[in-house]
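What follows is the content of model_28.pdb, which has PDB, C-alpha atoms and all ligand atoms:
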```pdb
ATOM      1  CA  LEU A  25      -1.629 -20.224  11.298
ATOM      2  CA  ALA A  26       1.733 -19.493   9.663
ATOM      3  CA  SER A  27       3.639 -21.378  12.358
ATOM      4  CA  ARG A  28       5.426 -24.730  12.064
ATOM      5  CA  VAL A  29       3.868 -25.609  15.382
ATOM      6  CA  MET A  30       0.467 -25.605  13.684
ATOM      7  CA  LYS A  31       1.629 -27.575  10.660
ATOM      8  CA  ALA A  32       4.860 -29.560  10.705
ATOM      9  CA  GLU A  33       5.210 -30.310   7.007
ATOM     10  CA  GLY A  34       6.042 -27.554   4.526
ATOM     11  CA  THR A  35       3.177 -26.120   2.501
ATOM     12  CA  VAL A  36       3.257 -26.854  -1.210
ATOM     13  CA  ILE A  37       1.179 -24.442  -3.291
ATOM     14  CA  THR A  38      -0.153 -25.523  -6.671
ATOM     15  CA  VAL A  39      -0.672 -22.893  -9.361
ATOM     16  CA  GLY A  40      -1.724 -24.296 -12.730
ATOM     17  CA  ASP A  41       0.768 -27.062 -13.458
ATOM     18  CA  VAL A  42       3.438 -25.566 -11.220
ATOM     19  CA  THR A  43       4.169 -26.145  -7.528
ATOM     20  CA  ILE A  44       5.818 -23.757  -5.080
ATOM     21  CA  GLY A  45       7.478 -25.366  -2.065
ATOM     22  CA  GLY A  46       8.620 -28.985  -2.256
ATOM     23  CA  ASP A  47      11.409 -30.291  -4.451
ATOM     24  CA  THR A  48      11.312 -27.795  -7.285
ATOM     25  CA  ILE A  49      12.813 -24.306  -7.112
ATOM     26  CA  GLN A  50      10.415 -22.023  -9.018
ATOM     27  CA  VAL A  51      11.929 -19.049 -10.770
ATOM     28  CA  MET A  52       9.662 -16.064 -11.439
ATOM     29  CA  ALA A  53      11.327 -13.847 -14.015
ATOM     30  CA  GLY A  54      10.463 -10.821 -16.099
ATOM     31  CA  PRO A  55      10.612  -7.057 -16.264
ATOM     32  CA  CYS A  56       9.959  -4.743 -13.345
ATOM     33  CA  ALA A  57       7.184  -3.069 -15.327
ATOM     34  CA  VAL A  58       5.131  -4.124 -18.329
ATOM     35  CA  GLU A  59       6.140  -1.556 -20.961
ATOM     36  CA  SER A  60       4.900  -2.880 -24.311
ATOM     37  CA  LYS A  61       3.820  -6.046 -26.077
ATOM     38  CA  GLU A  62       7.188  -6.321 -27.847
ATOM     39  CA  GLN A  63       9.100  -6.017 -24.569
ATOM     40  CA  LEU A  64       6.925  -8.547 -22.766
ATOM     41  CA  PHE A  65       6.849 -11.106 -25.607
ATOM     42  CA  GLU A  66      10.617 -10.972 -25.959
ATOM     43  CA  VAL A  67      11.273 -11.482 -22.241
ATOM     44  CA  ALA A  68       8.611 -14.178 -21.997
ATOM     45  CA  GLU A  69      10.035 -16.169 -24.883
ATOM     46  CA  LYS A  70      13.552 -15.991 -23.481
ATOM     47  CA  VAL A  71      12.838 -16.711 -19.824
ATOM     48  CA  ARG A  72      10.629 -19.616 -20.896
ATOM     49  CA  ALA A  73      13.437 -20.993 -23.037
ATOM     50  CA  ALA A  74      15.770 -20.683 -20.031
ATOM     51  CA  GLY A  75      13.369 -22.799 -17.935
ATOM     52  CA  ALA A  76      11.218 -20.303 -15.995
ATOM     53  CA  ARG A  77       7.518 -21.150 -15.664
ATOM     54  CA  ILE A  78       6.284 -17.949 -14.057
ATOM     55  CA  LEU A  79       6.451 -14.486 -15.632
ATOM     56  CA  ARG A  80       6.619 -11.400 -13.445
ATOM     57  CA  GLY A  81       5.724  -7.866 -14.516
ATOM     58  CA  GLY A  82       4.071  -4.889 -12.852
ATOM     59  CA  ALA A  83       1.081  -3.114 -14.353
ATOM     60  CA  TYR A  84       0.650  -0.897 -11.265
ATOM     61  CA  LYS A  85       3.994   0.416 -10.034
ATOM     62  CA  PRO A  86       4.666   1.857  -6.564
ATOM     63  CA  ARG A  87       7.214   4.490  -7.626
ATOM     64  CA  THR A  88       9.036   6.755  -5.189
ATOM     65  CA  SER A  89       8.426   9.774  -7.424
ATOM     66  CA  PRO A  90       4.945  10.558  -8.752
ATOM     67  CA  TYR A  91       6.657  11.771 -11.953
ATOM     68  CA  SER A  92       8.186   8.359 -12.719
ATOM     69  CA  PHE A  93       6.459   5.812 -14.983
ATOM     70  CA  GLN A  94       3.496   4.495 -13.025
ATOM     71  CA  GLY A  95       2.690   1.422 -15.113
ATOM     72  CA  LEU A  96       0.190   0.643 -17.882
ATOM     73  CA  ALA A  97      -2.601  -0.331 -15.456
ATOM     74  CA  GLU A  98      -5.360  -2.456 -17.065
ATOM     75  CA  LYS A  99      -3.660  -2.361 -20.450
ATOM     76  CA  GLY A 100      -0.619  -3.917 -18.735
ATOM     77  CA  LEU A 101      -2.771  -6.661 -17.235
ATOM     78  CA  GLN A 102      -4.212  -7.418 -20.676
ATOM     79  CA  LEU A 103      -0.714  -7.699 -22.132
ATOM     80  CA  LEU A 104       0.241 -10.101 -19.344
ATOM     81  CA  ALA A 105      -2.808 -12.256 -20.102
ATOM     82  CA  GLU A 106      -1.987 -12.262 -23.807
ATOM     83  CA  THR A 107       1.591 -13.277 -23.032
ATOM     84  CA  ARG A 108       0.405 -16.069 -20.747
ATOM     85  CA  GLU A 109      -1.687 -17.527 -23.586
ATOM     86  CA  ARG A 110       1.065 -17.273 -26.121
ATOM     87  CA  TYR A 111       3.994 -18.600 -24.086
ATOM     88  CA  GLY A 112       2.302 -20.860 -21.544
ATOM     89  CA  LEU A 113       3.642 -19.015 -18.518
ATOM     90  CA  LEU A 114       1.890 -18.203 -15.255
ATOM     91  CA  ILE A 115       1.645 -14.563 -14.212
ATOM     92  CA  VAL A 116       2.639 -12.846 -10.979
ATOM     93  CA  THR A 117       1.748  -9.154 -10.764
ATOM     94  CA  GLU A 118       1.391  -6.564  -8.014
ATOM     95  CA  VAL A 119      -1.833  -5.198  -6.571
ATOM     96  CA  MET A 120      -1.475  -1.775  -4.983
ATOM     97  CA  ASP A 121      -4.860  -1.159  -3.434
ATOM     98  CA  VAL A 122      -8.224  -2.614  -2.532
ATOM     99  CA  ARG A 123      -9.918  -0.686  -5.348
ATOM    100  CA  THR A 124      -8.014  -2.465  -8.145
ATOM    101  CA  LEU A 125      -7.850  -5.875  -6.422
ATOM    102  CA  PRO A 126     -10.831  -7.445  -8.260
ATOM    103  CA  LEU A 127      -9.313  -6.496 -11.593
ATOM    104  CA  VAL A 128      -5.794  -7.672 -10.722
ATOM    105  CA  ALA A 129      -7.162 -10.928  -9.286
ATOM    106  CA  GLU A 130      -9.018 -11.556 -12.547
ATOM    107  CA  TYR A 131      -5.760 -11.526 -14.525
ATOM    108  CA  ALA A 132      -3.087 -12.739 -12.094
ATOM    109  CA  ASP A 133      -2.205 -16.346 -11.292
ATOM    110  CA  ILE A 134      -0.294 -15.103  -8.233
ATOM    111  CA  ILE A 135      -1.142 -11.774  -6.598
ATOM    112  CA  GLN A 136       1.893  -9.836  -5.392
ATOM    113  CA  ILE A 137       1.742  -7.598  -2.323
ATOM    114  CA  GLY A 138       4.693  -5.216  -2.512
ATOM    115  CA  THR A 139       7.041  -4.251   0.273
ATOM    116  CA  ARG A 140       5.311  -0.893   0.776
ATOM    117  CA  ASN A 141       1.982  -2.581   1.378
ATOM    118  CA  MET A 142       3.118  -5.335   3.723
ATOM    119  CA  GLN A 143       1.329  -3.662   6.592
ATOM    120  CA  ASN A 144      -1.685  -2.455   4.619
ATOM    121  CA  PHE A 145      -3.904  -4.614   6.787
ATOM    122  CA  TYR A 146      -7.106  -3.884   4.888
ATOM    123  CA  LEU A 147      -5.499  -4.984   1.649
ATOM    124  CA  LEU A 148      -4.114  -8.111   3.342
ATOM    125  CA  ARG A 149      -7.565  -8.990   4.606
ATOM    126  CA  GLU A 150      -9.093  -8.479   1.189
ATOM    127  CA  VAL A 151      -6.597 -10.761  -0.609
ATOM    128  CA  GLY A 152      -7.247 -13.230   2.198
ATOM    129  CA  ARG A 153     -10.800 -13.598   0.857
ATOM    130  CA  TYR A 154      -9.513 -14.848  -2.494
ATOM    131  CA  SER A 155      -8.153 -18.325  -3.080
ATOM    132  CA  LYS A 156      -5.422 -17.222  -5.505
ATOM    133  CA  PRO A 157      -1.870 -17.555  -4.186
ATOM    134  CA  VAL A 158      -0.408 -14.382  -2.704
ATOM    135  CA  LEU A 159       3.275 -13.447  -2.907
ATOM    136  CA  LEU A 160       3.839 -11.390   0.236
ATOM    137  CA  LYS A 161       6.999  -9.312   0.136
ATOM    138  CA  ARG A 162       8.782  -8.434   3.351
ATOM    139  CA  GLY A 163       8.340  -4.781   4.337
ATOM    140  CA  LEU A 164      11.240  -2.368   3.834
ATOM    141  CA  SER A 165      12.042  -2.403   7.516
ATOM    142  CA  ALA A 166       9.899  -5.225   8.798
ATOM    143  CA  THR A 167      11.135  -7.710  11.349
ATOM    144  CA  ILE A 168      10.578 -11.405  10.633
ATOM    145  CA  GLU A 169       7.838 -11.400  13.263
ATOM    146  CA  GLU A 170       6.017  -8.463  11.630
ATOM    147  CA  TRP A 171       6.300 -10.180   8.255
ATOM    148  CA  LEU A 172       4.810 -13.427   9.601
ATOM    149  CA  MET A 173       2.032 -11.442  11.281
ATOM    150  CA  ALA A 174       1.209  -9.851   7.917
ATOM    151  CA  ALA A 175       0.936 -13.385   6.476
ATOM    152  CA  GLU A 176      -1.317 -14.221   9.400
ATOM    153  CA  TYR A 177      -3.806 -11.537   8.276
ATOM    154  CA  ILE A 178      -4.170 -13.294   4.910
ATOM    155  CA  LEU A 179      -4.326 -16.821   6.328
ATOM    156  CA  ASN A 180      -6.841 -15.784   8.948
ATOM    157  CA  GLU A 181      -9.332 -14.772   6.241
ATOM    158  CA  GLY A 182      -9.166 -18.251   4.720
ATOM    159  CA  ASN A 183      -6.564 -17.965   1.970
ATOM    160  CA  GLN A 184      -3.916 -20.567   2.827
ATOM    161  CA  ASN A 185      -1.834 -19.974  -0.306
ATOM    162  CA  VAL A 186       0.725 -17.508   0.981
ATOM    163  CA  ILE A 187       4.267 -17.372  -0.414
ATOM    164  CA  LEU A 188       6.747 -15.227   1.506
ATOM    165  CA  CYS A 189       9.311 -13.153  -0.400
ATOM    166  CA  GLU A 190      12.524 -11.776   1.088
ATOM    167  CA  ARG A 191      13.451  -8.713  -0.990
ATOM    168  CA  GLY A 192      16.012  -6.898   1.136
ATOM    169  CA  ILE A 193      15.613  -4.606   4.112
ATOM    170  CA  ARG A 194      16.830  -1.093   4.932
ATOM    171  CA  SER A 195      20.206  -0.960   6.658
ATOM    172  CA  PHE A 196      23.024   1.573   7.024
ATOM    173  CA  GLU A 197      24.706   0.196   3.898
ATOM    174  CA  THR A 198      24.328   2.449   0.858
ATOM    175  CA  PHE A 199      26.395   0.566  -1.722
ATOM    176  CA  THR A 200      23.465  -1.732  -2.355
ATOM    177  CA  ARG A 201      19.836  -0.620  -2.756
ATOM    178  CA  ASN A 202      18.816  -2.722   0.245
ATOM    179  CA  THR A 203      20.490  -5.401   2.329
ATOM    180  CA  LEU A 204      19.351  -8.838   1.212
ATOM    181  CA  ASP A 205      18.699 -10.730   4.424
ATOM    182  CA  LEU A 206      19.434 -14.308   3.426
ATOM    183  CA  SER A 207      19.500 -15.342   7.067
ATOM    184  CA  ALA A 208      15.731 -14.801   6.980
ATOM    185  CA  VAL A 209      15.380 -17.830   4.684
ATOM    186  CA  PRO A 210      16.407 -20.620   7.080
ATOM    187  CA  ILE A 211      14.857 -18.717   9.996
ATOM    188  CA  VAL A 212      11.452 -18.346   8.339
ATOM    189  CA  LYS A 213      11.586 -21.953   7.152
ATOM    190  CA  TYR A 214      12.225 -22.967  10.753
ATOM    191  CA  LEU A 215       9.415 -20.796  12.157
ATOM    192  CA  SER A 216       6.855 -21.318   9.404
ATOM    193  CA  HIS A 217       5.579 -23.959   6.993
ATOM    194  CA  LEU A 218       5.033 -21.374   4.240
ATOM    195  CA  PRO A 219       7.225 -21.391   1.116
ATOM    196  CA  VAL A 220       9.883 -18.670   0.905
ATOM    197  CA  VAL A 221      11.211 -17.100  -2.257
ATOM    198  CA  VAL A 222      14.036 -14.595  -2.582
ATOM    199  CA  ASP A 223      14.169 -11.486  -4.776
ATOM    200  CA  PRO A 224      17.855 -10.636  -5.155
ATOM    201  CA  SER A 225      17.078  -7.958  -7.766
ATOM    202  CA  HIS A 226      15.413  -5.538  -5.337
ATOM    203  CA  GLY A 227      17.579  -6.799  -2.507
ATOM    204  CA  ILE A 228      20.778  -5.615  -4.149
ATOM    205  CA  GLY A 229      19.744  -3.183  -6.863
ATOM    206  CA  LYS A 230      22.775  -3.840  -9.079
ATOM    207  CA  TYR A 231      22.545  -6.540 -11.744
ATOM    208  CA  ARG A 232      26.151  -7.692 -11.362
ATOM    209  CA  PHE A 233      25.499  -9.015  -7.867
ATOM    210  CA  VAL A 234      22.154 -10.634  -8.599
ATOM    211  CA  PRO A 235      23.422 -14.029  -9.907
ATOM    212  CA  PRO A 236      25.698 -14.823  -6.921
ATOM    213  CA  MET A 237      22.947 -13.933  -4.446
ATOM    214  CA  ALA A 238      20.402 -15.979  -6.390
ATOM    215  CA  LEU A 239      22.723 -18.982  -6.047
ATOM    216  CA  ALA A 240      23.248 -18.261  -2.358
ATOM    217  CA  ALA A 241      19.468 -18.061  -1.829
ATOM    218  CA  VAL A 242      19.008 -21.576  -3.196
ATOM    219  CA  ALA A 243      21.877 -22.825  -1.051
ATOM    220  CA  ALA A 244      20.159 -21.220   1.957
ATOM    221  CA  GLY A 245      16.986 -23.210   1.278
ATOM    222  CA  ALA A 246      14.791 -20.807  -0.712
ATOM    223  CA  ASP A 247      11.840 -22.400  -2.539
ATOM    224  CA  GLY A 248      12.074 -19.984  -5.426
ATOM    225  CA  LEU A 249      13.433 -16.762  -6.837
ATOM    226  CA  LEU A 250      12.053 -13.553  -8.263
ATOM    227  CA  ILE A 251      14.451 -12.089 -10.802
ATOM    228  CA  GLU A 252      14.057  -8.983 -12.964
ATOM    229  CA  VAL A 253      14.939  -9.553 -16.623
ATOM    230  CA  HIS A 254      14.706  -6.923 -19.364
ATOM    231  CA  PRO A 255      15.618  -7.248 -23.072
ATOM    232  CA  ASN A 256      17.439  -3.918 -22.910
ATOM    233  CA  PRO A 257      18.116  -2.874 -19.286
ATOM    234  CA  ALA A 258      19.643   0.482 -20.312
ATOM    235  CA  GLU A 259      16.270   1.534 -21.760
ATOM    236  CA  ALA A 260      14.055   0.090 -19.010
ATOM    237  CA  LEU A 261      11.351   2.425 -17.657
ATOM    238  CA  CYS A 262      11.855   0.981 -14.185
ATOM    239  CA  ASP A 263      14.708  -0.789 -12.340
ATOM    240  CA  GLY A 264      17.058  -1.180 -15.324
ATOM    241  CA  ALA A 265      20.155  -1.109 -13.091
ATOM    242  CA  GLN A 266      19.127  -4.322 -11.361
ATOM    243  CA  SER A 267      17.753  -6.148 -14.404
ATOM    244  CA  LEU A 268      19.565  -9.045 -16.044
ATOM    245  CA  THR A 269      19.671  -9.415 -19.804
ATOM    246  CA  PRO A 270      17.989 -12.624 -21.024
ATOM    247  CA  LYS A 271      21.448 -13.987 -21.787
ATOM    248  CA  LYS A 272      22.761 -13.417 -18.262
ATOM    249  CA  PHE A 273      19.529 -14.867 -16.912
ATOM    250  CA  GLY A 274      20.028 -18.011 -19.003
ATOM    251  CA  LYS A 275      23.525 -18.492 -17.623
ATOM    252  CA  THR A 276      22.267 -18.017 -14.089
ATOM    253  CA  MET A 277      19.589 -20.682 -14.608
ATOM    254  CA  VAL A 278      22.261 -23.220 -15.575
ATOM    255  CA  GLN A 279      24.238 -22.439 -12.410
ATOM    256  CA  LEU A 280      21.077 -22.534 -10.301
ATOM    257  CA  ALA A 281      20.373 -26.069 -11.493
ATOM    258  CA  GLN A 282      23.790 -27.127 -10.179
ATOM    259  CA  ILE A 283      23.296 -25.587  -6.751
ATOM    260  CA  ALA A 284      19.766 -27.001  -6.561
ATOM    261  CA  GLN A 285      21.105 -30.471  -7.256
ATOM    262  CA  ALA A 286      23.681 -30.082  -4.509
ATOM    263  CA  VAL A 287      20.886 -29.432  -1.983
ATOM    264  CA  GLY A 288      18.706 -32.261  -3.303
ATOM    265  CA  ARG A 289      16.333 -30.142  -5.375
ATOM    266  CA  ARG A 290      15.794 -29.153  -8.979
ATOM    267  CA  VAL A 291      15.008 -25.962 -10.897
TER
HETATM  268  C1  LIG B   1       8.665  -5.103  -7.758
HETATM  269  O1  LIG B   1       8.622  -6.349  -7.578
HETATM  270  O2  LIG B   1       8.852  -4.591  -8.863
HETATM  271  C2  LIG B   1       8.558  -4.233  -6.574
HETATM  272  C3  LIG B   1       8.058  -3.002  -6.654
HETATM  273  O3  LIG B   1       9.045  -4.818  -5.470
HETATM  274  P1  LIG B   1       9.137  -4.314  -3.945
HETATM  275  O4  LIG B   1       7.739  -4.175  -3.478
HETATM  276  O5  LIG B   1       9.912  -5.422  -3.297
HETATM  277  O6  LIG B   1       9.911  -3.018  -3.956
HETATM  278 MN    MN B   2      11.209  -3.552  -9.693
END
```

What does the file become when written as structure tokens?
Ligand code: PEP
Ligand code: MN
Amino acid sequence: LASRVMKAEGTVITVGDVTIGGDTIQVMAGPCAVESKEQLFEVAEKVRAAGARILRGGAYKPRTSPYSFQGLAEKGLQLLAETRERYGLLIVTEVMDVRTLPLVAEYADIIQIGTRNMQNFYLLREVGRYSKPVLLKRGLSATIEEWLMAAEYILNEGNQNVILCERGIRSFETFTRNTLDLSAVPIVKYLSHLPVVVDPSHGIGKYRFVPPMALAAVAAGADGLLIEVHPNPAEALCDGAQSLTPKKFGKTMVQLAQIAQAVGRRV
């Protein structure tokens, strides 16, 4: 179902008044984790002003250590909904398990499946029973084939609104958090009709290298980007090292518009 053989033209997914796939490059921006109303409002206002239409933010966080900040859970979802109303942004947020899926689906405009859950087949099947778009991140060490098969689980249940997200894979390199596999973008676009977005923030893990890789992703044919933005990265409760300030994000958006134009698209 994910294959180009089944469907020659690229899938365009409509969420509210926004489309993913097609001519426009959609940028999903916001903090790794929802921390407070002040934090979320400030990021939302600034990413909106810079041109983003979709706000990201985790309320349930899959942290490596159980002692790290785990997210605000339902309170975080409520803050996201409040921010959506106030700033007119759409919301993408992660679901971690089947148990909290109904709640997350109630609040989210796009349901995110994180890298650690890419092969949680029961969860994939469950989101497949919803009609809300699903952002499916590539597993930490998943091949392109495994990633497309994970998408297949969702599509096979009836939900055709799957967006693939390349977020870096494990390699021998330790300078970066992961190795952003930009070659996956043209390959997946060749193999599949599904839209592909790139998350350079988790792919690299260091903010300084996020803007150049965001530009490269658009040049490679990505349909969108997922970028972590925090008003004060040094104080972030999660992923501060890879978060852009709103100012750096704004500059990146201007450059992205230029690259997009060069490949016949717009931001
Ligand atoms: C995130 O988007 O904050 C996240 C946890 O991403 P990933 O699943 O790619 O690590
Ligand atoms: Mn993060």

Taking only residues of chain A that have an atom at most 10 Å from an atom of ligand LIG 1 (chain B), what is each one's shortest atom pair and its distance in Å to one decimal, using only C-alpha atoms and all ligand atoms, in chain and number order, as a Markdown table?
```
| residue | atom | partner | partner_atom | distance |
| --- | --- | --- | --- | --- |
| A:Gly54 | CA | B:LIG1 | O2 | 9.7 |
| A:Pro55 | CA | B:LIG1 | O2 | 8.0 |
| A:Cys56 | CA | B:LIG1 | O2 | 4.6 |
| A:Ala57 | CA | B:LIG1 | O2 | 6.8 |
| A:Arg80 | CA | B:LIG1 | O1 | 8.0 |
| A:Gly81 | CA | B:LIG1 | O2 | 7.2 |
| A:Gly82 | CA | B:LIG1 | O2 | 6.2 |
| A:Ala83 | CA | B:LIG1 | O2 | 9.6 |
| A:Tyr84 | CA | B:LIG1 | C3 | 9.0 |
| A:Lys85 | CA | B:LIG1 | C3 | 6.3 |
| A:Pro86 | CA | B:LIG1 | C3 | 5.9 |
| A:Arg87 | CA | B:LIG1 | C3 | 7.6 |
| A:Thr88 | CA | B:LIG1 | O6 | 9.9 |
| A:Val116 | CA | B:LIG1 | O1 | 9.5 |
| A:Thr117 | CA | B:LIG1 | O1 | 8.1 |
| A:Glu118 | CA | B:LIG1 | O1 | 7.2 |
| A:Met120 | CA | B:LIG1 | O4 | 9.6 |
| A:Gln136 | CA | B:LIG1 | O1 | 7.9 |
| A:Ile137 | CA | B:LIG1 | O4 | 7.0 |
| A:Gly138 | CA | B:LIG1 | O4 | 3.4 |
| A:Thr139 | CA | B:LIG1 | O4 | 3.8 |
| A:Arg140 | CA | B:LIG1 | O4 | 5.9 |
| A:Asn141 | CA | B:LIG1 | O4 | 7.7 |
| A:Met142 | CA | B:LIG1 | O4 | 8.6 |
| A:Leu160 | CA | B:LIG1 | O4 | 9.0 |
| A:Lys161 | CA | B:LIG1 | O5 | 6.0 |
| A:Arg162 | CA | B:LIG1 | O5 | 7.4 |
| A:Gly163 | CA | B:LIG1 | O5 | 7.8 |
| A:Leu164 | CA | B:LIG1 | O5 | 7.9 |
| A:Cys189 | CA | B:LIG1 | O5 | 8.3 |
| A:Glu190 | CA | B:LIG1 | O5 | 8.2 |
| A:Arg191 | CA | B:LIG1 | O5 | 5.4 |
| A:Gly192 | CA | B:LIG1 | O5 | 7.7 |
| A:Ile193 | CA | B:LIG1 | O5 | 9.4 |
| A:Asn202 | CA | B:LIG1 | O6 | 9.9 |
| A:Asp223 | CA | B:LIG1 | O5 | 7.6 |
| A:Pro224 | CA | B:LIG1 | O5 | 9.7 |
| A:Ser225 | CA | B:LIG1 | O1 | 8.6 |
| A:His226 | CA | B:LIG1 | O5 | 5.9 |
| A:Gly227 | CA | B:LIG1 | O5 | 7.8 |
| A:Leu250 | CA | B:LIG1 | O1 | 8.0 |
| A:Ile251 | CA | B:LIG1 | O1 | 8.8 |
| A:Glu252 | CA | B:LIG1 | O2 | 7.9 |
| A:Cys262 | CA | B:LIG1 | O2 | 8.3 |
| A:Asp263 | CA | B:LIG1 | O2 | 7.8 |
```

Just-selected residues, C-alpha atoms written as a PDB file, in the coordinates of the input:
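New file part_17.pdb:
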```
ATOM      1  CA  GLY A  54      10.463 -10.821 -16.099  1.00  0.00           C
ATOM      2  CA  PRO A  55      10.612  -7.057 -16.264  1.00  0.00           C
ATOM      3  CA  CYS A  56       9.959  -4.743 -13.345  1.00  0.00           C
ATOM      4  CA  ALA A  57       7.184  -3.069 -15.327  1.00  0.00           C
ATOM      5  CA  ARG A  80       6.619 -11.400 -13.445  1.00  0.00           C
ATOM      6  CA  GLY A  81       5.724  -7.866 -14.516  1.00  0.00           C
ATOM      7  CA  GLY A  82       4.071  -4.889 -12.852  1.00  0.00           C
ATOM      8  CA  ALA A  83       1.081  -3.114 -14.353  1.00  0.00           C
ATOM      9  CA  TYR A  84       0.650  -0.897 -11.265  1.00  0.00           C
ATOM     10  CA  LYS A  85       3.994   0.416 -10.034  1.00  0.00           C
ATOM     11  CA  PRO A  86       4.666   1.857  -6.564  1.00  0.00           C
ATOM     12  CA  ARG A  87       7.214   4.490  -7.626  1.00  0.00           C
ATOM     13  CA  THR A  88       9.036   6.755  -5.189  1.00  0.00           C
ATOM     14  CA  VAL A 116       2.639 -12.846 -10.979  1.00  0.00           C
ATOM     15  CA  THR A 117       1.748  -9.154 -10.764  1.00  0.00           C
ATOM     16  CA  GLU A 118       1.391  -6.564  -8.014  1.00  0.00           C
ATOM     17  CA  MET A 120      -1.475  -1.775  -4.983  1.00  0.00           C
ATOM     18  CA  GLN A 136       1.893  -9.836  -5.392  1.00  0.00           C
ATOM     19  CA  ILE A 137       1.742  -7.598  -2.323  1.00  0.00           C
ATOM     20  CA  GLY A 138       4.693  -5.216  -2.512  1.00  0.00           C
ATOM     21  CA  THR A 139       7.041  -4.251   0.273  1.00  0.00           C
ATOM     22  CA  ARG A 140       5.311  -0.893   0.776  1.00  0.00           C
ATOM     23  CA  ASN A 141       1.982  -2.581   1.378  1.00  0.00           C
ATOM     24  CA  MET A 142       3.118  -5.335   3.723  1.00  0.00           C
ATOM     25  CA  LEU A 160       3.839 -11.390   0.236  1.00  0.00           C
ATOM     26  CA  LYS A 161       6.999  -9.312   0.136  1.00  0.00           C
ATOM     27  CA  ARG A 162       8.782  -8.434   3.351  1.00  0.00           C
ATOM     28  CA  GLY A 163       8.340  -4.781   4.337  1.00  0.00           C
ATOM     29  CA  LEU A 164      11.240  -2.368   3.834  1.00  0.00           C
ATOM     30  CA  CYS A 189       9.311 -13.153  -0.400  1.00  0.00           C
ATOM     31  CA  GLU A 190      12.524 -11.776   1.088  1.00  0.00           C
ATOM     32  CA  ARG A 191      13.451  -8.713  -0.990  1.00  0.00           C
ATOM     33  CA  GLY A 192      16.012  -6.898   1.136  1.00  0.00           C
ATOM     34  CA  ILE A 193      15.613  -4.606   4.112  1.00  0.00           C
ATOM     35  CA  ASN A 202      18.816  -2.722   0.245  1.00  0.00           C
ATOM     36  CA  ASP A 223      14.169 -11.486  -4.776  1.00  0.00           C
ATOM     37  CA  PRO A 224      17.855 -10.636  -5.155  1.00  0.00           C
ATOM     38  CA  SER A 225      17.078  -7.958  -7.766  1.00  0.00           C
ATOM     39  CA  HIS A 226      15.413  -5.538  -5.337  1.00  0.00           C
ATOM     40  CA  GLY A 227      17.579  -6.799  -2.507  1.00  0.00           C
ATOM     41  CA  LEU A 250      12.053 -13.553  -8.263  1.00  0.00           C
ATOM     42  CA  ILE A 251      14.451 -12.089 -10.802  1.00  0.00           C
ATOM     43  CA  GLU A 252      14.057  -8.983 -12.964  1.00  0.00           C
ATOM     44  CA  CYS A 262      11.855   0.981 -14.185  1.00  0.00           C
ATOM     45  CA  ASP A 263      14.708  -0.789 -12.340  1.00  0.00           C
TER      46      ASP A 263
END
```

Counting only C-alpha atoms, give me one row per residue of region 65-94 of chain A with an atom at most 9 Å from an atom of region 106-109 of chain A, showing the shortest contact pair and its distance in Å to one decimal, sorted by chain then residue number, as CSV.
```
residue,atom,partner,partner_atom,distance
A:Phe65,CA,A:Thr107,CA,6.2
A:Ala68,CA,A:Thr107,CA,7.2
A:Leu79,CA,A:Arg108,CA,8.1
```

Got time to write the residues from that selection, C-alpha atoms, as a PDB file, keeping the file's coordinate frame?
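The resulting file, part-v9.pdb, is reproduced below:
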```pdb
ATOM      1  CA  PHE A  65       6.849 -11.106 -25.607  1.00  0.00           C
ATOM      2  CA  ALA A  68       8.611 -14.178 -21.997  1.00  0.00           C
ATOM      3  CA  LEU A  79       6.451 -14.486 -15.632  1.00  0.00           C
TER       4      LEU A  79
END
```

In file coordinates, which residues lie within 12 Å of (-3.6, -11.2, -5.7) using all atoms listed in the file, given as an MDAnalysis selection string?
chainID A and resid 115:122 124:138 147:160 178 183 185:187

Those residues with C-alpha atoms, as a compact mmCIF listing (two decimals), in the frame of the given file please?
```
# COMPACT_ATOMS: atom_id res chain seq x y z
CA ILE A 115 1.64 -14.56 -14.21
CA VAL A 116 2.64 -12.85 -10.98
CA THR A 117 1.75 -9.15 -10.76
CA GLU A 118 1.39 -6.56 -8.01
CA VAL A 119 -1.83 -5.20 -6.57
CA MET A 120 -1.48 -1.78 -4.98
CA ASP A 121 -4.86 -1.16 -3.43
CA VAL A 122 -8.22 -2.61 -2.53
CA THR A 124 -8.01 -2.46 -8.14
CA LEU A 125 -7.85 -5.88 -6.42
CA PRO A 126 -10.83 -7.44 -8.26
CA LEU A 127 -9.31 -6.50 -11.59
CA VAL A 128 -5.79 -7.67 -10.72
CA ALA A 129 -7.16 -10.93 -9.29
CA GLU A 130 -9.02 -11.56 -12.55
CA TYR A 131 -5.76 -11.53 -14.52
CA ALA A 132 -3.09 -12.74 -12.09
CA ASP A 133 -2.20 -16.35 -11.29
CA ILE A 134 -0.29 -15.10 -8.23
CA ILE A 135 -1.14 -11.77 -6.60
CA GLN A 136 1.89 -9.84 -5.39
CA ILE A 137 1.74 -7.60 -2.32
CA GLY A 138 4.69 -5.22 -2.51
CA LEU A 147 -5.50 -4.98 1.65
CA LEU A 148 -4.11 -8.11 3.34
CA ARG A 149 -7.56 -8.99 4.61
CA GLU A 150 -9.09 -8.48 1.19
CA VAL A 151 -6.60 -10.76 -0.61
CA GLY A 152 -7.25 -13.23 2.20
CA ARG A 153 -10.80 -13.60 0.86
CA TYR A 154 -9.51 -14.85 -2.49
CA SER A 155 -8.15 -18.32 -3.08
CA LYS A 156 -5.42 -17.22 -5.50
CA PRO A 157 -1.87 -17.56 -4.19
CA VAL A 158 -0.41 -14.38 -2.70
CA LEU A 159 3.28 -13.45 -2.91
CA LEU A 160 3.84 -11.39 0.24
CA ILE A 178 -4.17 -13.29 4.91
CA ASN A 183 -6.56 -17.96 1.97
CA ASN A 185 -1.83 -19.97 -0.31
CA VAL A 186 0.72 -17.51 0.98
CA ILE A 187 4.27 -17.37 -0.41
```
